[in-house]
>>> print(open('entry_27.txt').read())   # compact mmCIF, C-alpha atoms
# COMPACT_ATOMS: atom_id res chain seq x y z
CA MET A 120 0.00 0.00 0.00
CA ASN A 121 3.00 2.23 0.60
CA HIS A 122 1.24 4.81 2.77
CA LYS A 123 3.38 7.15 4.83
CA ASP A 124 3.14 5.68 8.30
CA PRO A 125 3.74 8.11 11.18
CA VAL A 126 4.39 5.27 13.66
CA GLY A 127 7.08 3.53 11.68
CA LYS A 128 7.31 -0.03 10.50
CA ASP A 129 5.57 -2.91 12.22
CA PRO A 130 5.94 -6.73 11.95
CA VAL A 131 3.44 -6.86 9.10
CA ASP A 132 5.65 -4.50 7.08
CA ALA A 133 8.56 -6.90 7.59
CA ILE A 134 6.47 -9.84 6.37
CA VAL A 135 5.29 -7.92 3.30
CA GLU A 136 8.88 -6.90 2.53
CA GLN A 137 9.99 -10.54 2.78
CA TRP A 138 7.26 -11.58 0.33
CA ALA A 139 8.28 -8.77 -2.00
CA THR A 140 11.81 -10.17 -2.02
CA VAL A 141 10.90 -13.80 -2.65
CA ARG A 142 7.73 -13.28 -4.69
CA PRO A 143 7.73 -9.77 -6.20
CA ASP A 144 4.84 -10.80 -8.44
CA LEU A 145 2.39 -10.93 -5.47
CA ASP A 146 0.05 -8.07 -4.61
CA THR A 147 0.24 -8.07 -0.81
CA ALA A 148 -2.17 -5.16 -0.16
CA ALA A 149 -4.77 -7.48 1.41
CA MET A 150 -2.06 -9.04 3.59
CA GLU A 151 -1.22 -5.60 4.97
CA VAL A 152 -4.82 -5.09 6.07
CA PHE A 153 -5.71 -8.56 7.31
CA GLY A 154 -2.33 -9.24 8.89
CA ARG A 155 -2.92 -6.22 11.10
CA ILE A 156 -6.55 -7.13 11.79
CA PHE A 157 -5.50 -10.66 12.88
CA ARG A 158 -2.72 -9.32 15.12
CA LEU A 159 -5.02 -6.67 16.58
CA ALA A 160 -7.76 -9.24 17.27
CA ARG A 161 -5.30 -11.52 19.05
CA ALA A 162 -3.79 -8.68 21.11
CA MET A 163 -7.17 -7.26 22.07
CA GLY A 164 -8.53 -10.72 22.85
CA ASP A 165 -5.71 -11.17 25.35
CA ARG A 166 -6.31 -7.72 26.85
CA MET A 167 -10.04 -8.33 27.16
CA GLU A 168 -9.44 -11.69 28.84
CA LYS A 169 -7.26 -9.90 31.42
CA ALA A 170 -9.92 -7.20 31.92
CA TYR A 171 -12.47 -9.85 32.94
CA VAL A 172 -10.19 -11.83 35.29
CA PRO A 173 -10.92 -9.55 38.30
CA HIS A 174 -14.60 -10.32 37.79
CA GLY A 175 -13.98 -14.07 37.84
CA ILE A 176 -15.12 -14.68 34.26
CA SER A 177 -13.55 -15.48 30.92
CA ARG A 178 -14.18 -13.66 27.66
CA GLY A 179 -16.52 -16.42 26.53
CA GLU A 180 -18.47 -16.25 29.77
CA PHE A 181 -18.62 -12.47 29.44
CA ASP A 182 -20.17 -12.94 26.00
CA VAL A 183 -22.97 -15.12 27.43
CA LEU A 184 -23.70 -12.70 30.28
CA ALA A 185 -23.51 -9.67 27.97
CA THR A 186 -25.97 -11.26 25.54
CA LEU A 187 -28.44 -11.80 28.38
CA ARG A 188 -27.84 -8.25 29.68
CA ARG A 189 -28.52 -6.74 26.25
CA ALA A 190 -31.79 -8.69 26.06
CA ASP A 191 -33.15 -6.20 28.64
CA GLU A 192 -35.53 -7.13 31.42
CA PRO A 193 -36.19 -9.86 32.36
CA TYR A 194 -32.75 -10.70 30.84
CA THR A 195 -33.99 -14.06 29.53
CA LEU A 196 -33.22 -16.00 26.36
CA SER A 197 -33.43 -19.63 25.32
CA PRO A 198 -30.20 -21.63 25.04
CA ARG A 199 -30.88 -21.81 21.29
CA GLU A 200 -31.09 -17.98 21.05
CA LEU A 201 -27.85 -17.67 23.00
CA SER A 202 -26.10 -20.24 20.80
CA ALA A 203 -27.24 -18.51 17.61
CA THR A 204 -26.17 -15.07 18.81
CA LEU A 205 -22.76 -16.28 19.98
CA MET A 206 -22.24 -18.70 17.08
CA LEU A 207 -21.60 -21.58 19.47
CA THR A 208 -22.62 -25.20 19.32
CA THR A 209 -25.16 -26.30 21.90
CA GLY A 210 -22.42 -28.39 23.53
CA GLY A 211 -20.13 -25.39 23.87
CA MET A 212 -23.00 -23.34 25.25
CA THR A 213 -23.93 -25.98 27.82
CA GLY A 214 -20.47 -25.90 29.39
CA ARG A 215 -20.54 -22.14 29.75
CA LEU A 216 -24.07 -22.17 31.14
CA ASP A 217 -23.14 -24.87 33.68
CA LYS A 218 -20.22 -22.85 35.00
CA LEU A 219 -22.14 -19.56 35.12
CA GLU A 220 -25.10 -21.23 36.84
CA ARG A 221 -22.80 -22.79 39.49
CA ALA A 222 -21.40 -19.29 40.11
CA GLY A 223 -24.92 -17.96 40.64
CA LEU A 224 -24.69 -15.58 37.68
CA LEU A 225 -27.60 -17.07 35.76
CA ARG A 226 -30.33 -19.63 36.23
CA ARG A 227 -32.00 -22.10 33.91
CA SER A 228 -35.70 -22.79 34.25
CA PRO A 229 -38.45 -24.47 32.23
CA ASP A 230 -39.88 -22.34 29.43
CA PRO A 231 -43.54 -21.69 30.31
CA HIS A 232 -44.36 -21.50 26.58
CA ASP A 233 -42.61 -24.73 25.55
CA ARG A 234 -42.72 -27.89 27.71
CA ARG A 235 -39.47 -29.14 26.20
CA GLY A 236 -37.63 -25.82 26.30
CA LEU A 237 -35.52 -23.95 28.81
CA GLN A 238 -35.00 -20.30 29.61
CA VAL A 239 -31.72 -18.80 30.73
CA THR A 240 -32.04 -15.73 32.97
CA LEU A 241 -29.41 -13.39 34.36
CA THR A 242 -29.55 -13.30 38.18
CA GLU A 243 -29.20 -10.14 40.27
CA LYS A 244 -25.62 -11.21 41.02
CA GLY A 245 -25.01 -11.74 37.29
CA LEU A 246 -26.51 -8.36 36.44
CA ALA A 247 -24.29 -6.56 38.96
CA LEU A 248 -21.18 -8.40 37.78
CA MET A 249 -22.05 -7.74 34.14
CA ASP A 250 -22.45 -4.02 34.68
CA GLU A 251 -19.01 -3.89 36.33
CA ALA A 252 -17.33 -6.14 33.76
CA VAL A 253 -18.66 -4.24 30.75
CA GLY A 254 -17.14 -1.08 32.22
CA SER A 255 -13.77 -2.81 32.60
CA GLY A 256 -13.92 -4.09 29.04
CA LEU A 257 -14.85 -0.71 27.60
CA ALA A 258 -12.04 0.96 29.55
CA THR A 259 -9.59 -1.54 28.02
CA GLN A 260 -10.92 -0.90 24.51
CA THR A 261 -10.94 2.87 25.00
CA ALA A 262 -7.32 2.79 26.17
CA ALA A 263 -6.37 0.81 23.06
CA LEU A 264 -8.00 3.47 20.87
CA SER A 265 -6.13 6.30 22.58
CA GLY A 266 -3.62 6.41 19.72
CA LEU A 267 -6.40 7.66 17.43
CA ASP A 268 -8.36 10.88 17.63
CA ALA A 269 -12.18 10.74 17.59
CA GLU A 270 -12.40 11.35 13.84
CA GLU A 271 -9.87 8.58 13.11
CA ALA A 272 -11.71 6.17 15.41
CA ASP A 273 -15.01 6.96 13.65
CA GLN A 274 -13.39 6.53 10.24
CA LEU A 275 -11.86 3.21 11.27
CA ALA A 276 -15.22 1.97 12.61
CA ASP A 277 -16.89 2.95 9.32
CA LEU A 278 -14.22 1.24 7.22
CA LEU A 279 -14.34 -1.93 9.30
CA ARG A 280 -18.16 -1.98 9.08
CA LYS A 281 -17.89 -1.70 5.29
CA LEU A 282 -15.25 -4.44 5.13
CA LEU A 283 -17.23 -6.73 7.41
CA ALA A 284 -20.38 -6.26 5.32
CA SER A 285 -18.46 -7.21 2.18
CA THR A 286 -17.25 -10.47 3.74
CA GLU A 287 -20.56 -11.75 5.15
>>> encode(input="entry_27.txt", output="structure tokens")
Amino acid sequence: MNHKDPVGKDPVDAIVEQWATVRPDLDTAAMEVFGRIFRLARAMGDRMEKAYVPHGISRGEFDVLATLRRADEPYTLSPRELSATLMLTTGGMTGRLDKLERAGLLRRSPDPHDRRGLQVTLTEKGLALMDEAVGSGLATQTAALSGLDAEEADQLADLLRKLLASTE
């Protein structure tokens, strides 16, 4: 892409330069974008995991609790709705629900509208923990964005939205 970069070279630049040496015929523009997205996702995933440790939950458990919290009162969804939202198998969801239920952060109960179904509901303890944990996570994300001004952050969000829409 050869843009003037005010922060200097990064590891992705080194990889692209190596490819240019051994395979000068390749157009590595996409590698410059996605190499950075992959590295950023990994780095932020690690930071987010650390942000949730003081709350006694993992990133995956945060995702379950956050999905219930966003459902608004009474903070209830079916396991199937949770699985679909989080793109998890029912087996993967069951393990998370078991752990969160043992911790008193959610409860499972029969679905009054479906004899065979269950409902998953955020408990008061889960709601309180979620409201603290989401603040910790947002603080971590905000700190990571501190290298950009508000206009740059908005532009990046718009570009990523456009890129995501083109890949789905």
>>> residues_around(input="entry_27.txt", residues="region 205-212 of chain A", least_positions_apart="6", cutoff="10 Å", atoms="only C-alpha atoms", output="ChimeraX atom specification")
/A:179-180,182-183,186,198-199
>>> closest_residue(input="entry_27.txt", among="A:Gln260, A:Ser197, A:Leu248, A:Ala162", to="Pro231 (chain A)", atoms="all atoms listed in the file")
A:Ser197
>>> axis_aligned_box(input="entry_27.txt", around="region 261-271 of chain A", padding_each_side="5 Å", output="AutoDock Vina command-line options")
--center_x -8.0 --center_y 6.1 --center_z 19.6 --size_x 18.8 --size_y 20.5 --size_z 23.1
>>> closest_residue(input="entry_27.txt", among="A:Ile134, A:Leu184, A:Ala190, A:Ala276", to="Arg226 (chain A)", atoms="all atoms listed in the file")
A:Leu184
>>> residues_around(input="entry_27.txt", residues="region 240-242 of chain A", least_positions_apart="2", cutoff="9 Å", atoms="only C-alpha atoms", output="list in words")
Leu184, Leu187, Arg188, Pro193, Tyr194, Thr195, Leu196, Ser197, Gly223, Leu224, Leu225, Arg226, Arg227, Ser228, Gln238, Lys244, Gly245, Leu246 and Ala247 of chain A
>>> closest_residue(input="entry_27.txt", among="A:Val141, A:Leu279, A:Ala149, A:Met163", to="Leu264 (chain A)", atoms="only C-alpha atoms")
A:Met163
>>> atom_distance(input="entry_27.txt", atom1="CA of Tyr171 (chain A)", atom2="CA of Ala252 (chain A)")
6.2 Å
>>> atom_distance(input="entry_27.txt", atom1="CA of Glu192 (chain A)", atom2="CA of Gly236 (chain A)")
19.5 Å
>>> atom_distance(input="entry_27.txt", atom1="CA of Asp217 (chain A)", atom2="CA of Ile176 (chain A)")
13.0 Å
>>> closest_residue(input="entry_27.txt", among="A:Ala263, A:Gly175, A:Ser255, A:Leu275", to="Ala222 (chain A)", atoms="only C-alpha atoms")
A:Gly175
>>> closest_residue(input="entry_27.txt", among="A:Met167, A:Leu278, A:Ala133, A:Ala269", to="Leu257 (chain A)", atoms="all atoms listed in the file")
A:Met167
